[in-house]
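Asker: Next comes the structure file coords-v7.txt, holding compact mmCIF, C-alpha atoms and all ligand atoms.
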# COMPACT_ATOMS: atom_id res chain seq x y z
CA MET A 385 36.41 -8.52 -110.29
CA ASN A 386 36.95 -7.02 -106.83
CA LEU A 387 40.66 -7.24 -106.03
CA ILE A 388 43.07 -6.17 -103.31
CA LEU A 389 46.86 -5.93 -103.56
CA LEU A 390 48.49 -6.63 -100.22
CA GLY A 391 52.17 -6.56 -99.33
CA PRO A 392 54.81 -4.37 -97.70
CA PRO A 393 55.89 -1.04 -99.17
CA GLY A 394 58.27 -1.76 -102.04
CA ALA A 395 56.79 -5.18 -102.86
CA GLY A 396 55.87 -3.92 -106.34
CA LYS A 397 52.13 -3.37 -105.82
CA GLY A 398 52.04 -0.17 -107.87
CA THR A 399 54.04 -1.68 -110.73
CA GLN A 400 51.88 -4.80 -110.92
CA ALA A 401 48.74 -2.68 -110.54
CA VAL A 402 49.50 -0.91 -113.83
CA ARG A 403 49.59 -4.29 -115.63
CA ILE A 404 46.56 -5.75 -113.86
CA VAL A 405 44.27 -2.81 -114.62
CA GLU A 406 45.35 -2.86 -118.24
CA LYS A 407 44.62 -6.58 -118.66
CA TYR A 408 41.39 -6.74 -116.66
CA ASN A 409 40.08 -3.27 -117.45
CA ILE A 410 39.25 -2.21 -113.89
CA PRO A 411 40.20 1.04 -112.12
CA HIS A 412 43.36 1.24 -109.98
CA ILE A 413 42.57 2.78 -106.61
CA SER A 414 45.62 3.73 -104.57
CA THR A 415 44.85 5.58 -101.35
CA GLY A 416 48.51 6.72 -101.27
CA ASP A 417 48.07 8.29 -104.74
CA ILE A 418 44.84 9.98 -103.62
CA PHE A 419 46.66 11.51 -100.64
CA ARG A 420 49.65 12.60 -102.78
CA GLU A 421 47.31 14.32 -105.27
CA ASN A 422 45.65 16.15 -102.39
CA ILE A 423 49.02 17.22 -100.99
CA LYS A 424 49.99 18.56 -104.42
CA LYS A 425 46.74 20.55 -104.64
CA GLY A 426 47.11 21.80 -101.05
CA THR A 427 43.66 20.58 -99.92
CA GLU A 428 42.63 20.16 -96.26
CA LEU A 429 42.74 16.38 -96.72
CA GLY A 430 46.26 16.66 -98.11
CA LYS A 431 47.39 18.76 -95.15
CA LYS A 432 45.96 16.25 -92.68
CA ALA A 433 47.47 13.24 -94.46
CA GLN A 434 50.90 14.77 -94.97
CA GLU A 435 51.86 14.89 -91.28
CA TYR A 436 51.39 11.11 -91.03
CA MET A 437 52.87 10.23 -94.41
CA ASN A 438 56.11 12.13 -93.86
CA LYS A 439 56.75 10.07 -90.72
CA GLY A 440 55.83 6.81 -92.42
CA GLU A 441 52.79 6.43 -90.16
CA LEU A 442 49.28 5.46 -91.14
CA VAL A 443 46.66 8.11 -91.79
CA PRO A 444 43.77 7.62 -89.27
CA ASP A 445 41.42 4.76 -90.21
CA ASP A 446 38.15 6.66 -90.45
CA LEU A 447 39.59 9.25 -92.79
CA VAL A 448 41.01 6.57 -95.12
CA VAL A 449 37.84 4.46 -95.04
CA GLU A 450 35.73 7.44 -96.04
CA ILE A 451 38.06 8.35 -98.92
CA ALA A 452 38.26 4.76 -100.21
CA CYS A 453 34.54 4.00 -99.94
CA SER A 454 33.48 7.20 -101.66
CA ARG A 455 35.88 6.37 -104.51
CA LEU A 456 34.34 2.88 -104.74
CA LEU A 457 30.90 4.41 -105.26
CA GLU A 458 32.00 5.96 -108.55
CA GLU A 459 30.60 4.60 -111.80
CA ASP A 460 33.87 3.05 -113.06
CA CYS A 461 33.99 0.64 -110.08
CA LYS A 462 30.71 -1.09 -111.00
CA GLU A 463 32.38 -4.03 -112.77
CA GLY A 464 35.24 -4.30 -110.31
CA PHE A 465 38.27 -2.51 -108.87
CA LEU A 466 41.85 -3.00 -107.82
CA LEU A 467 42.65 -1.62 -104.37
CA ASP A 468 46.34 -0.87 -103.80
CA GLY A 469 47.42 0.19 -100.30
CA PHE A 470 43.92 -0.17 -98.84
CA PRO A 471 42.94 -1.74 -96.49
CA ARG A 472 46.00 -1.45 -94.24
CA THR A 473 44.48 -2.39 -90.87
CA VAL A 474 41.98 -5.02 -89.75
CA TYR A 475 39.55 -2.21 -88.88
CA GLN A 476 39.76 -0.86 -92.44
CA ALA A 477 39.21 -4.39 -93.82
CA GLU A 478 36.13 -4.88 -91.65
CA LYS A 479 34.72 -1.54 -92.74
CA LEU A 480 35.40 -2.40 -96.38
CA ASP A 481 33.57 -5.74 -95.98
CA GLU A 482 30.60 -3.95 -94.40
CA PHE A 483 30.54 -1.37 -97.19
CA LEU A 484 30.72 -3.99 -99.94
CA ALA A 485 28.10 -6.23 -98.27
CA ALA A 486 25.74 -3.24 -98.09
CA HIS A 487 26.10 -3.02 -101.89
CA GLY A 488 25.68 -6.78 -102.44
CA ARG A 489 29.38 -7.23 -103.23
CA LYS A 490 32.48 -8.80 -101.69
CA VAL A 491 36.25 -9.06 -101.99
CA GLU A 492 37.03 -11.81 -104.50
CA HIS A 493 40.83 -12.05 -104.53
CA VAL A 494 43.58 -10.73 -102.31
CA LEU A 495 47.05 -10.94 -103.86
CA ASP A 496 49.66 -10.99 -101.11
CA ILE A 497 53.06 -10.09 -102.59
CA ALA A 498 56.04 -11.02 -100.38
CA VAL A 499 59.60 -9.62 -100.56
CA GLU A 500 62.48 -9.77 -98.01
CA LYS A 501 63.04 -6.71 -95.82
CA GLU A 502 66.59 -5.91 -97.07
CA GLU A 503 65.38 -5.99 -100.66
CA LEU A 504 62.46 -3.68 -99.80
CA ILE A 505 64.86 -1.11 -98.31
CA THR A 506 67.12 -1.25 -101.39
CA ARG A 507 64.16 -0.86 -103.73
CA LEU A 508 62.51 2.03 -101.89
CA THR A 509 65.55 4.14 -101.06
CA GLY A 510 66.60 4.00 -104.75
CA ARG A 511 63.12 4.47 -106.18
CA LEU A 512 62.32 7.29 -108.62
CA VAL A 513 58.72 8.02 -109.62
CA CYS A 514 57.37 9.92 -112.62
CA ARG A 515 55.37 12.98 -111.58
CA ALA A 516 53.22 12.75 -114.69
CA CYS A 517 52.35 9.04 -115.18
CA GLY A 518 53.45 7.42 -111.91
CA ALA A 519 55.88 4.94 -113.52
CA SER A 520 58.62 3.69 -111.17
CA TYR A 521 62.37 3.45 -111.82
CA HIS A 522 65.38 2.61 -109.67
CA LYS A 523 68.55 4.72 -109.51
CA VAL A 524 70.78 1.65 -109.90
CA ASN A 525 68.69 -1.38 -110.87
CA MET A 526 66.35 0.23 -113.41
CA PRO A 527 67.61 3.71 -114.33
CA PRO A 528 65.75 5.76 -116.95
CA LYS A 529 67.47 6.22 -120.34
CA THR A 530 67.94 9.95 -119.60
CA GLU A 531 68.62 10.98 -116.01
CA GLY A 532 65.57 12.53 -114.34
CA VAL A 533 63.25 11.91 -117.31
CA CYS A 534 60.53 9.25 -117.67
CA ASP A 535 61.17 6.84 -120.61
CA THR A 536 57.46 6.43 -121.23
CA CYS A 537 56.01 9.93 -121.07
CA GLY A 538 58.95 12.34 -120.72
CA GLY A 539 57.70 13.47 -117.28
CA GLU A 540 60.00 14.57 -114.46
CA LEU A 541 61.27 11.85 -112.09
CA TYR A 542 61.40 12.55 -108.35
CA GLN A 543 62.10 10.75 -105.09
CA ARG A 544 59.07 10.39 -102.80
CA ALA A 545 59.42 12.33 -99.51
CA ASP A 546 58.75 9.09 -97.59
CA ASP A 547 61.38 7.03 -99.47
CA THR A 548 64.26 8.07 -97.17
CA LYS A 549 65.98 5.25 -95.24
CA GLU A 550 64.59 6.24 -91.84
CA THR A 551 61.00 6.60 -93.05
CA VAL A 552 61.21 3.43 -95.12
CA GLU A 553 62.29 1.44 -92.04
CA ASN A 554 59.37 2.88 -90.10
CA ARG A 555 56.92 2.10 -92.91
CA ILE A 556 58.08 -1.52 -92.92
CA GLU A 557 57.65 -1.75 -89.13
CA VAL A 558 54.18 -0.23 -89.42
CA TYR A 559 53.38 -2.81 -92.11
CA GLU A 560 54.53 -5.70 -89.88
CA ALA A 561 52.56 -4.47 -86.88
CA GLN A 562 49.36 -3.15 -88.45
CA THR A 563 48.92 -4.53 -91.96
CA LYS A 564 50.35 -8.06 -91.78
CA PRO A 565 47.46 -9.28 -89.58
CA LEU A 566 45.34 -8.85 -92.74
CA VAL A 567 47.01 -11.98 -94.14
CA ASP A 568 45.22 -14.03 -91.45
CA PHE A 569 42.03 -12.04 -91.90
CA TYR A 570 41.82 -12.85 -95.63
CA GLU A 571 43.17 -16.38 -95.10
CA LYS A 572 40.10 -17.03 -92.95
CA ALA A 573 37.90 -15.55 -95.66
CA GLY A 574 39.50 -18.00 -98.13
CA VAL A 575 40.33 -15.35 -100.72
CA ILE A 576 44.09 -14.88 -100.38
CA ALA A 577 46.81 -15.98 -102.83
CA HIS A 578 50.51 -15.73 -101.93
CA ILE A 579 52.83 -14.42 -104.63
CA ASP A 580 56.66 -14.38 -104.49
CA GLY A 581 57.52 -10.76 -105.32
CA ALA A 582 61.24 -11.41 -105.89
CA THR A 583 61.06 -13.38 -109.14
CA GLY A 584 61.14 -10.42 -111.56
CA LEU A 585 58.34 -8.22 -112.90
CA ASP A 586 57.19 -10.57 -115.68
CA ASN A 587 57.17 -13.69 -113.51
CA VAL A 588 55.29 -11.93 -110.72
CA PHE A 589 52.67 -10.78 -113.23
CA ALA A 590 52.42 -14.30 -114.72
CA ASP A 591 51.78 -15.70 -111.21
CA ILE A 592 49.07 -13.09 -110.66
CA VAL A 593 47.39 -13.97 -113.95
CA LYS A 594 47.42 -17.66 -112.95
CA VAL A 595 45.42 -16.74 -109.86
CA LEU A 596 42.99 -14.37 -111.57
CA GLY A 597 42.55 -16.43 -114.74
P1 LIG A 601 51.54 4.16 -100.36
O1 LIG A 601 51.60 5.04 -101.56
O2 LIG A 601 50.50 3.08 -100.47
O3 LIG A 601 52.89 3.62 -99.98
O4 LIG A 601 51.07 5.08 -99.14
C1 LIG A 601 51.86 6.17 -98.70
C2 LIG A 601 51.39 6.62 -97.33
O5 LIG A 601 50.03 7.07 -97.39
C3 LIG A 601 51.41 5.57 -96.24
O6 LIG A 601 52.70 5.41 -95.66
C4 LIG A 601 50.40 6.15 -95.26
O7 LIG A 601 50.94 7.22 -94.52
C5 LIG A 601 49.34 6.73 -96.20
N1 LIG A 601 48.30 5.71 -96.52
C6 LIG A 601 48.02 5.21 -97.76
N2 LIG A 601 47.03 4.30 -97.69
C7 LIG A 601 46.70 4.21 -96.37
C8 LIG A 601 45.77 3.42 -95.65
N3 LIG A 601 44.98 2.51 -96.25
N4 LIG A 601 45.70 3.59 -94.30
C9 LIG A 601 46.47 4.50 -93.68
N5 LIG A 601 47.39 5.25 -94.29
C10 LIG A 601 47.51 5.13 -95.63
Can you dump the structure from the file as structure tokens?

Answerer:
Amino acid sequence: MNLILLGPPGAGKGTQAVRIVEKYNIPHISTGDIFRENIKKGTELGKKAQEYMNKGELVPDDLVVEIACSRLLEEDCKEGFLLDGFPRTVYQAEKLDEFLAAHGRKVEHVLDIAVEKEELITRLTGRLVCRACGASYHKVNMPPKTEGVCDTCGGELYQRADDTKETVENRIEVYEAQTKPLVDFYEKAGVIAHIDGATGLDNVFADIVKVLG
């Protein structure tokens, strides 16, 4: 099961990813998470990525392709994977296809989750993320039981550096200009399914399961 989650920032890709990987038992590969881990550890990769991320811009293609493809070579990806936040440009998608073809594999499903722009801004500027387990909350719409503490694991909740209003608006523009063309790309490949991301967490997941079986 080789899957891709597509959709603008704030569409709920990360939240749905948690449920998908649990049900289908495949690894969740988020290039954004890989970069954030590297920033936390202070690696060279983290330093390079951070200048782009803080502005809401894309990290250069070749760097991301290398990171994603080397992750896909790991043992746990043999039976399938869920890519979240990669590919984000047509170039990245072409490189991914080449990489998979070289290993006798291909992309099987692309789940394109759509949400209106105003809703995306509300979701992202109010988002809180758990430092320990990555679970997402919302300051107003889905607050944790205890302020600043994750309901699930007790970890500390924080606001992502790129979830400020200005950066969020830029990230959405970058999505429209550079990532949205992937809808056509995967439409042509006949692998895309369109999911309404505004129907509530459970309904969105049910729609995904209908597609994946
Ligand atoms: P995300 O966690 O998916 O929202 O990604 C956060 C940030 O990491 C993005 O705004 C980009 O700066 C960077 N990033 C993550 N994945 C990619 C990618 N596939 N291509 C370029 N930049 C990426």

Asker: Figure out the distance between CA of Val588 (chain A) and CA of Cys534 (chain A), please, to one decimal in Å.

Answerer: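 Computing the Euclidean distance for CA of Cys534 (chain A) and CA of Val588 (chain A) yields 22.9 Å.
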
Asker: Near Asp547 (chain A), within 10 Å and counting all atoms listed in the file, which residues show up once chain neighbours fewer than 5 positions away are dropped, as number ranges by chain?

Answerer: A: 393-394, 438, 440, 505, 507-512, 552-553, 555

Asker: Write out as CSV the residues of chain A that have any atom within 6 Å of an atom of ligand LIG 601 (chain A), one row each with the nearest atom pair and its distance in Å to one decimal, counting all atoms listed in the file, sorted by chain and then rising number.

Answerer:
residue,atom,partner,partner_atom,distance
A:Pro393,CA,A:LIG601,O3,5.6
A:Thr415,CA,A:LIG601,N2,4.4
A:Gly416,CA,A:LIG601,O1,3.5
A:Asp417,CA,A:LIG601,O1,5.8
A:Tyr436,CA,A:LIG601,O7,5.2
A:Met437,CA,A:LIG601,O7,3.6
A:Gly440,CA,A:LIG601,O6,4.7
A:Glu441,CA,A:LIG601,O7,4.8
A:Leu442,CA,A:LIG601,N5,3.7
A:Val443,CA,A:LIG601,N5,3.9
A:Val448,CA,A:LIG601,N4,5.6
A:Gly469,CA,A:LIG601,O2,4.2
A:Phe470,CA,A:LIG601,N3,3.9
A:Pro471,CA,A:LIG601,N3,4.7
A:Arg472,CA,A:LIG601,N3,4.6

Asker: With distances taken over all atoms listed in the file, which residue among A:Val575, A:Cys517, A:Asp586, A:Gln400 lies nearest His493 (chain A)?

Answerer: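 The answer is A:Val575, which sits nearest to His493 (chain A).
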
Asker: Which of these residues is nearest to Lys501 (chain A), using all atoms listed in the file: A:Tyr559, A:Glu478, A:Cys514, A:Ser414?

Answerer: A:Tyr559

Asker: Pick out the residues sitting within 8 Å of His412 (chain A), and hand them over as a ChimeraX atom specification; count only C-alpha atoms, and ignore anything fewer than 3 positions along from it in its own chain.

Answerer: /A:401-402,405,465-468

Asker: Using C-alpha atoms, can you export the residues from the last selection as an mmCIF file, in the coordinates of the input?

Answerer:
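Below is the file selection-v9.cif, written as the result:
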data_model
loop_
_atom_site.group_PDB
_atom_site.id
_atom_site.type_symbol
_atom_site.label_atom_id
_atom_site.label_comp_id
_atom_site.auth_asym_id
_atom_site.auth_seq_id
_atom_site.Cartn_x
_atom_site.Cartn_y
_atom_site.Cartn_z
ATOM 1 C CA ALA A 401 48.740 -2.680 -110.540
ATOM 2 C CA VAL A 402 49.500 -0.910 -113.830
ATOM 3 C CA VAL A 405 44.270 -2.810 -114.620
ATOM 4 C CA PHE A 465 38.270 -2.510 -108.870
ATOM 5 C CA LEU A 466 41.850 -3.000 -107.820
ATOM 6 C CA LEU A 467 42.650 -1.620 -104.370
ATOM 7 C CA ASP A 468 46.340 -0.870 -103.800
#

Asker: Go ahead and compute the interatomic distance for CA of Val533 (chain A) and CA of Val513 (chain A), in Å to one decimal.

Answerer: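 Interatomic distance, CA of Val533 (chain A) to CA of Val513 (chain A): 9.7 Å.
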